[in-house]
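J.: The file below is target23.cif, mmCIF, C-alpha atoms and all ligand atoms:
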```cif
data_run
#
loop_
_atom_site.label_atom_id
_atom_site.label_comp_id
_atom_site.auth_asym_id
_atom_site.auth_seq_id
_atom_site.Cartn_x
_atom_site.Cartn_y
_atom_site.Cartn_z
CA MET A 25 -149.92 138.10 -6.77
CA ARG A 26 -146.95 140.27 -5.84
CA LYS A 27 -144.20 141.87 -7.93
CA GLU A 28 -140.73 140.60 -6.96
CA TYR A 29 -137.22 141.55 -8.09
CA VAL A 30 -136.13 138.12 -9.31
CA TYR A 31 -133.18 138.78 -11.65
CA GLN A 32 -130.46 141.20 -10.57
CA ALA A 33 -128.79 143.63 -13.00
CA PHE A 34 -125.59 141.62 -13.48
CA GLU A 35 -127.59 138.42 -13.86
CA ARG A 36 -129.61 139.94 -16.73
CA PHE A 37 -126.50 141.42 -18.34
CA TRP A 38 -124.73 138.06 -18.09
CA HIS A 39 -127.77 136.16 -19.43
CA TRP A 40 -128.29 138.33 -22.51
CA THR A 41 -124.58 138.74 -23.30
CA GLN A 42 -124.13 134.99 -22.99
CA ALA A 43 -127.13 134.37 -25.26
CA ALA A 44 -125.79 136.79 -27.91
CA LEU A 45 -122.27 135.34 -27.72
CA ILE A 46 -123.43 131.72 -27.94
CA LEU A 47 -125.64 132.61 -30.92
CA PHE A 48 -122.75 134.40 -32.64
CA LEU A 49 -120.30 131.61 -31.78
CA GLY A 50 -122.83 129.13 -33.18
CA VAL A 51 -123.24 131.05 -36.46
CA THR A 52 -119.48 131.62 -36.98
CA GLY A 53 -118.64 128.12 -35.70
CA PHE A 54 -121.00 126.34 -38.10
CA GLU A 55 -119.63 128.46 -40.95
CA ILE A 56 -116.14 127.21 -40.00
CA HIS A 57 -117.65 123.71 -39.90
CA GLY A 58 -118.81 124.23 -43.50
CA THR A 59 -122.57 124.18 -42.84
CA PHE A 60 -123.17 127.46 -44.73
CA HIS A 61 -121.39 130.48 -46.16
CA PHE A 62 -122.00 133.95 -44.74
CA PHE A 63 -118.93 135.92 -43.52
CA GLY A 64 -116.39 133.87 -45.47
CA TYR A 65 -114.17 131.26 -43.78
CA ALA A 66 -111.27 133.56 -42.75
CA GLN A 67 -113.59 136.23 -41.30
CA ALA A 68 -115.67 133.58 -39.54
CA VAL A 69 -112.51 132.22 -37.84
CA HIS A 70 -111.47 135.77 -36.88
CA PHE A 71 -114.91 136.64 -35.42
CA HIS A 72 -115.20 133.26 -33.69
CA ASN A 73 -111.86 133.78 -31.96
CA ILE A 74 -112.82 137.30 -30.75
CA ALA A 75 -116.25 136.17 -29.51
CA ALA A 76 -114.64 133.17 -27.78
CA ILE A 77 -112.30 135.45 -25.80
CA ALA A 78 -115.28 137.68 -24.85
CA PHE A 79 -117.19 134.53 -23.77
CA LEU A 80 -114.28 133.39 -21.57
CA ILE A 81 -114.06 136.83 -19.91
CA LEU A 82 -117.84 136.78 -19.31
CA ILE A 83 -117.58 133.28 -17.81
CA ALA A 84 -114.86 134.49 -15.38
CA PHE A 85 -117.10 137.38 -14.20
CA ALA A 86 -120.15 135.08 -13.98
CA ILE A 87 -118.26 132.55 -11.82
CA PHE A 88 -117.23 135.39 -9.49
CA TRP A 89 -120.82 136.69 -9.34
CA HIS A 90 -122.34 133.26 -8.66
CA PHE A 91 -119.97 132.58 -5.75
CA SER A 92 -119.93 136.09 -4.25
CA THR A 93 -123.75 136.27 -4.19
CA GLY A 94 -124.32 132.62 -3.25
CA GLU A 95 -126.61 132.31 -6.30
CA TRP A 96 -124.75 129.15 -7.34
CA ARG A 97 -126.95 127.32 -4.81
CA GLN A 98 -129.96 127.88 -7.08
CA TYR A 99 -128.44 125.36 -9.48
CA ILE A 100 -127.91 122.45 -7.07
CA PRO A 101 -129.82 119.61 -8.79
CA THR A 102 -132.60 117.83 -6.90
CA LEU A 103 -134.76 114.81 -7.68
CA THR A 104 -137.63 116.26 -5.62
CA ASN A 105 -140.53 117.16 -7.92
CA LEU A 106 -138.41 116.38 -11.00
CA ARG A 107 -141.03 113.88 -12.19
CA ALA A 108 -143.90 116.31 -11.51
CA GLN A 109 -142.13 118.99 -13.55
CA GLY A 110 -141.44 116.54 -16.41
CA GLU A 111 -145.07 115.39 -16.42
CA TYR A 112 -146.17 119.01 -16.50
CA TYR A 113 -144.15 119.69 -19.68
CA VAL A 114 -145.29 116.47 -21.37
CA LEU A 115 -148.97 116.43 -20.33
CA GLY A 116 -150.11 119.11 -17.85
CA ILE A 117 -149.18 122.08 -20.00
CA PHE A 118 -151.49 120.85 -22.79
CA ARG A 119 -154.36 120.34 -20.32
CA ASN A 120 -154.04 123.79 -18.76
CA SER A 121 -152.94 122.30 -15.43
CA PRO A 122 -151.31 124.72 -12.98
CA HIS A 123 -147.50 124.83 -12.74
CA PRO A 124 -146.49 122.13 -10.22
CA LEU A 125 -144.10 124.51 -8.41
CA LYS A 126 -144.38 128.17 -7.61
CA LYS A 127 -141.39 130.35 -8.33
CA SER A 128 -139.82 132.50 -5.60
CA VAL A 129 -136.73 134.71 -5.33
CA LEU A 130 -135.01 132.03 -3.25
CA SER A 131 -136.05 129.20 -5.58
CA LYS A 132 -136.33 130.57 -9.10
CA LEU A 133 -135.44 127.42 -11.02
CA ASN A 134 -137.63 124.34 -11.30
CA PRO A 135 -135.97 120.90 -10.80
CA LEU A 136 -135.60 120.34 -14.56
CA GLN A 137 -133.99 123.75 -15.03
CA LYS A 138 -131.60 123.08 -12.12
CA LEU A 139 -130.53 119.80 -13.74
CA VAL A 140 -130.14 121.18 -17.25
CA TYR A 141 -128.41 124.42 -16.21
CA ALA A 142 -126.03 122.60 -13.84
CA GLY A 143 -125.19 120.24 -16.74
CA LEU A 144 -124.52 123.20 -19.01
CA LYS A 145 -122.37 125.01 -16.46
CA LEU A 146 -120.40 122.00 -15.24
CA LEU A 147 -120.16 119.93 -18.41
CA VAL A 148 -121.13 121.40 -21.78
CA ILE A 149 -119.65 124.90 -21.41
CA PRO A 150 -116.36 123.71 -19.80
CA VAL A 151 -116.01 121.06 -22.54
CA ILE A 152 -116.68 123.53 -25.37
CA ALA A 153 -114.39 126.17 -23.82
CA LEU A 154 -111.54 123.74 -23.13
CA SER A 155 -111.76 122.04 -26.54
CA GLY A 156 -112.01 125.51 -28.14
CA LEU A 157 -108.85 126.64 -26.35
CA LEU A 158 -107.01 123.46 -27.40
CA TYR A 159 -108.27 124.05 -30.96
CA MET A 160 -107.03 127.65 -30.77
CA PHE A 161 -103.56 126.92 -29.35
CA TYR A 162 -102.72 123.46 -30.70
CA ARG A 163 -100.18 124.94 -33.08
CA TYR A 164 -98.07 126.57 -30.38
CA PRO A 165 -97.19 123.55 -28.26
CA GLN A 166 -96.55 121.67 -31.51
CA ARG A 167 -93.89 124.22 -32.43
CA TYR A 168 -92.08 123.35 -29.22
CA GLU A 169 -92.44 119.65 -29.90
CA VAL A 170 -95.22 118.87 -27.43
CA ILE A 171 -96.12 115.51 -28.95
CA ALA A 172 -99.52 115.14 -27.21
CA LEU A 173 -100.97 118.12 -29.10
CA ARG A 174 -99.73 117.28 -32.57
CA ILE A 175 -102.06 117.77 -35.54
CA GLU A 176 -103.42 114.17 -35.37
CA SER A 177 -105.17 114.97 -32.08
CA LEU A 178 -106.96 117.95 -33.59
CA ARG A 179 -109.57 115.67 -35.14
CA THR A 180 -110.74 114.49 -31.70
CA ILE A 181 -110.68 118.06 -30.36
CA ALA A 182 -112.76 119.27 -33.34
CA LEU A 183 -115.25 116.42 -32.86
CA ILE A 184 -115.67 117.14 -29.13
CA HIS A 185 -116.01 120.89 -29.82
CA THR A 186 -118.61 120.28 -32.54
CA ALA A 187 -120.56 117.83 -30.32
CA GLY A 188 -120.67 120.55 -27.63
CA ALA A 189 -121.87 123.03 -30.25
CA PHE A 190 -124.74 120.69 -31.29
CA LEU A 191 -125.77 120.30 -27.64
CA LEU A 192 -125.79 124.08 -27.19
CA VAL A 193 -127.89 124.54 -30.35
CA ALA A 194 -130.38 121.91 -29.07
CA PHE A 195 -130.50 123.68 -25.70
CA PHE A 196 -131.01 127.06 -27.41
CA ILE A 197 -134.03 125.81 -29.39
CA ALA A 198 -135.62 124.11 -26.35
CA HIS A 199 -134.92 127.25 -24.30
CA LEU A 200 -136.76 129.47 -26.82
CA TYR A 201 -139.86 127.28 -26.50
CA LEU A 202 -139.64 127.04 -22.70
CA ILE A 203 -139.42 130.85 -22.39
CA THR A 204 -143.06 130.93 -23.53
CA THR A 205 -144.27 128.46 -20.87
CA GLY A 206 -144.27 130.81 -17.86
CA ARG A 207 -147.35 132.17 -16.08
CA THR A 208 -148.20 134.01 -19.31
CA LEU A 209 -146.64 133.74 -22.78
CA THR A 210 -144.24 136.63 -22.15
CA SER A 211 -143.83 136.68 -18.33
CA ASN A 212 -140.47 134.86 -18.35
CA LEU A 213 -139.10 137.09 -21.11
CA LYS A 214 -140.27 140.29 -19.37
CA ALA A 215 -138.71 139.11 -16.09
CA MET A 216 -135.31 138.55 -17.70
CA LEU A 217 -135.55 141.99 -19.37
CA THR A 218 -136.73 144.06 -16.40
CA GLY A 219 -135.73 141.90 -13.42
CA PHE A 220 -139.31 142.00 -12.05
CA GLU A 221 -141.88 139.22 -12.16
CA GLU A 222 -145.40 138.74 -10.81
CA LEU A 223 -145.21 135.79 -8.40
CA GLU A 224 -147.92 134.00 -6.47
CA ASN A 225 -148.12 134.97 -2.80
CA GLU A 226 -147.23 131.65 -1.22
CA PRO A 227 -143.99 130.28 -2.65
CA ASN A 228 -144.34 126.53 -2.94
CA HIS A 229 -140.92 125.34 -1.79
CA ALA A 230 -139.76 121.80 -2.34
CA PRO A 231 -140.52 119.63 0.73
CA GLU A 232 -136.89 119.60 1.99
CA GLU A 233 -136.74 123.41 1.74
CA ARG A 234 -140.09 123.79 3.58
CA SER A 235 -138.76 122.05 6.67
CA GLN A 236 -135.82 124.47 6.95
CA PRO A 237 -136.11 127.31 9.52
C1 LIG A 301 -114.63 129.67 -25.13
C2 LIG A 301 -115.32 129.21 -26.07
C3 LIG A 301 -114.83 128.82 -27.46
C4 LIG A 301 -113.57 128.77 -28.00
C5 LIG A 301 -112.26 129.12 -27.30
C6 LIG A 301 -113.70 128.33 -29.37
C7 LIG A 301 -112.67 128.16 -30.28
C8 LIG A 301 -112.78 127.63 -31.54
C9 LIG A 301 -111.70 127.48 -32.49
C10 LIG A 301 -110.25 127.92 -32.25
C11 LIG A 301 -112.20 126.90 -33.59
C12 LIG A 301 -111.43 126.51 -34.87
C13 LIG A 301 -111.27 127.68 -35.80
C14 LIG A 301 -110.32 127.31 -36.92
O1 LIG A 301 -110.65 126.44 -37.74
O2 LIG A 301 -109.24 127.88 -36.95
C15 LIG A 301 -113.60 126.64 -33.37
C16 LIG A 301 -114.44 126.01 -34.25
C17 LIG A 301 -115.79 125.81 -34.02
N1 LIG A 301 -116.53 126.30 -32.96
FE1 LIG A 301 -115.78 127.21 -31.32
N2 LIG A 301 -115.02 128.10 -29.64
C18 LIG A 301 -115.75 128.40 -28.50
C19 LIG A 301 -117.12 128.34 -28.33
C20 LIG A 301 -117.99 127.85 -29.27
C21 LIG A 301 -119.42 127.79 -29.11
C22 LIG A 301 -120.17 128.30 -27.87
C23 LIG A 301 -119.93 127.21 -30.24
C24 LIG A 301 -121.35 126.89 -30.60
C25 LIG A 301 -122.41 127.33 -30.05
C26 LIG A 301 -118.80 126.87 -31.10
C27 LIG A 301 -118.90 126.23 -32.31
C28 LIG A 301 -117.84 125.90 -33.11
C29 LIG A 301 -117.95 125.09 -34.32
C30 LIG A 301 -119.22 124.41 -34.83
C31 LIG A 301 -116.66 125.02 -34.89
C32 LIG A 301 -116.26 124.26 -36.12
C33 LIG A 301 -115.69 122.92 -35.69
C34 LIG A 301 -115.17 122.07 -36.85
O3 LIG A 301 -115.93 121.82 -37.78
O4 LIG A 301 -114.02 121.66 -36.79
N3 LIG A 301 -117.65 127.29 -30.47
N4 LIG A 301 -113.94 127.12 -32.11
#
```
Would you write out, as structure tokens, the structure that this file holds?

T.:
Amino acid sequence: MRKEYVYQAFERFWHWTQAALILFLGVTGFEIHGTFHFFGYAQAVHFHNIAAIAFLILIAFAIFWHFSTGEWRQYIPTLTNLRAQGEYYVLGIFRNSPHPLKKSVLSKLNPLQKLVYAGLKLLVIPVIALSGLLYMFYRYPQRYEVIALRIESLRTIALIHTAGAFLLVAFFIAHLYLITTGRTLTSNLKAMLTGFEELENEPNHAPEERSQP
């Protein structure tokens, strides 16, 4: 085993800030939705709007970081070993089988993570952010007689935004469980807190990566 610096400082900051903001947006959002009462409707709307702006700023910095470091490549989905990883989560993990793929600094996401995280980044988060912005500003274009954003369309926007919120809540719950499925119960959590993780000596790259120079 060797200790490797897997998660850089900005990456950890972005991860934990994003987690806190999504949790807070979920709590305030579902209060707005009417699921429960905690802050009070008006305060929930106020807090949701502030957290949403913070989330958008964080997203802008994260996009810059992913492209300037080239880390966006970690998220390119692949079918290679996708089945093996799925079988591990459904069966292998309960039979104490070894992880099908070994993590490395250059390949820190397994094929299922690549697929799910790419889906979040390219689909769920853009949809929730765009529908949230339309929800936030629908009144203003209406004032200037922009017919397409009249109040009738708000229903669809609210439905799309809420669907995105349910998907994020489902992801959040699955993510909490999957955090515990690393090499040890807490190794994934410790790595995202400190940046360092104990990795096996020989990174087991996917076949197409192995053939690269
Ligand atoms: C950039 C991101 C976001 C923006 C701009 C945004 C904006 C908004 C706005 C303006 C509203 C309506 C408030 C009102 O009634 O006046 C709203 C509602 C809501 N938001 Fe967000 N939001 C964002 C992210 C999120 C996230 C990440 C979640 C969940 C994890 C979420 C969950 C909800 C829910 C459940 C509602 C209530 C929808 C309804 O019942 O109509 N939002 N959001």

J.: Give me, as a PyMOL selection string, the set of residues whose atoms come within 8 Å of any atom of ligand LIG 301 (chain A), counting only C-alpha atoms and all ligand atoms.

T.: chain A and resi 45-58+69+72-73+75-77+79-80+149+152-161+179+182-183+185-186+188-190+192-193

J.: Write the residues of the preceding selection, restricted to C-alpha atoms, as a JSON list (two decimals), in the frame of the given file.

T.:
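See result-v5.json below for the written result:
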```
[["chain", "number", "residue", "atom", "x", "y", "z"],
["A", 45, "LEU", "CA", -122.27, 135.34, -27.72],
["A", 46, "ILE", "CA", -123.43, 131.72, -27.94],
["A", 47, "LEU", "CA", -125.64, 132.61, -30.92],
["A", 48, "PHE", "CA", -122.75, 134.40, -32.64],
["A", 49, "LEU", "CA", -120.30, 131.61, -31.78],
["A", 50, "GLY", "CA", -122.83, 129.13, -33.18],
["A", 51, "VAL", "CA", -123.24, 131.05, -36.46],
["A", 52, "THR", "CA", -119.48, 131.62, -36.98],
["A", 53, "GLY", "CA", -118.64, 128.12, -35.70],
["A", 54, "PHE", "CA", -121.00, 126.34, -38.10],
["A", 55, "GLU", "CA", -119.63, 128.46, -40.95],
["A", 56, "ILE", "CA", -116.14, 127.21, -40.00],
["A", 57, "HIS", "CA", -117.65, 123.71, -39.90],
["A", 58, "GLY", "CA", -118.81, 124.23, -43.50],
["A", 69, "VAL", "CA", -112.51, 132.22, -37.84],
["A", 72, "HIS", "CA", -115.20, 133.26, -33.69],
["A", 73, "ASN", "CA", -111.86, 133.78, -31.96],
["A", 75, "ALA", "CA", -116.25, 136.17, -29.51],
["A", 76, "ALA", "CA", -114.64, 133.17, -27.78],
["A", 77, "ILE", "CA", -112.30, 135.45, -25.80],
["A", 79, "PHE", "CA", -117.19, 134.53, -23.77],
["A", 80, "LEU", "CA", -114.28, 133.39, -21.57],
["A", 149, "ILE", "CA", -119.65, 124.90, -21.41],
["A", 152, "ILE", "CA", -116.68, 123.53, -25.37],
["A", 153, "ALA", "CA", -114.39, 126.17, -23.82],
["A", 154, "LEU", "CA", -111.54, 123.74, -23.13],
["A", 155, "SER", "CA", -111.76, 122.04, -26.54],
["A", 156, "GLY", "CA", -112.01, 125.51, -28.14],
["A", 157, "LEU", "CA", -108.85, 126.64, -26.35],
["A", 158, "LEU", "CA", -107.01, 123.46, -27.40],
["A", 159, "TYR", "CA", -108.27, 124.05, -30.96],
["A", 160, "MET", "CA", -107.03, 127.65, -30.77],
["A", 161, "PHE", "CA", -103.56, 126.92, -29.35],
["A", 179, "ARG", "CA", -109.57, 115.67, -35.14],
["A", 182, "ALA", "CA", -112.76, 119.27, -33.34],
["A", 183, "LEU", "CA", -115.25, 116.42, -32.86],
["A", 185, "HIS", "CA", -116.01, 120.89, -29.82],
["A", 186, "THR", "CA", -118.61, 120.28, -32.54],
["A", 188, "GLY", "CA", -120.67, 120.55, -27.63],
["A", 189, "ALA", "CA", -121.87, 123.03, -30.25],
["A", 190, "PHE", "CA", -124.74, 120.69, -31.29],
["A", 192, "LEU", "CA", -125.79, 124.08, -27.19],
["A", 193, "VAL", "CA", -127.89, 124.54, -30.35]]
```

J.: Have a look at atom CA of Ile87 of chain A and atom CA of Tyr162 of chain A and let me know their distance in Å, one decimal.

T.: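 Going from atom CA of Ile87 of chain A over to atom CA of Tyr162 of chain A, I get 26.1 Å.
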
J.: By how many Å are atom CA of Phe195 of chain A and atom CA of Leu106 of chain A apart?

T.: 18.2 Å

J.: Which protein, DNA or RNA residues are at most 12 Å from (-146.2, 124.6, -18.7) in the file's coordinates when you count all atoms listed in the file, listed as a ChimeraX atom specification?

T.: /A:108-126,134,201-209,212

J.: Between atom CA of His90 of chain A and atom CA of Phe34 of chain A, what is the distance, to one decimal in Å?

T.: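 If I compute the distance from atom CA of His90 of chain A to atom CA of Phe34 of chain A, I get 10.2 Å.
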
J.: Calculated over only C-alpha atoms, which of the candidates A:Thr104, A:Leu82, A:His70, A:Gln98 has the smallest distance to Lys127 of chain A?

T.: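 Closest to Lys127 of chain A, using only C-alpha atoms: A:Gln98.
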
J.: Pick from A:Ala142, A:Ala33, A:Leu136, A:Val129: nearest to Tyr99 of chain A, with all atoms listed in the file counted?

T.: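 Checking each candidate against Tyr99 of chain A, we get A:Ala142 as the closest.
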
J.: What's the 8 Å shell around Val30 of chain A, counting all atoms listed in the file, without same-chain residues fewer than 3 positions away, as a ChimeraX atom specification?

T.: /A:128-129,132,215,219-221
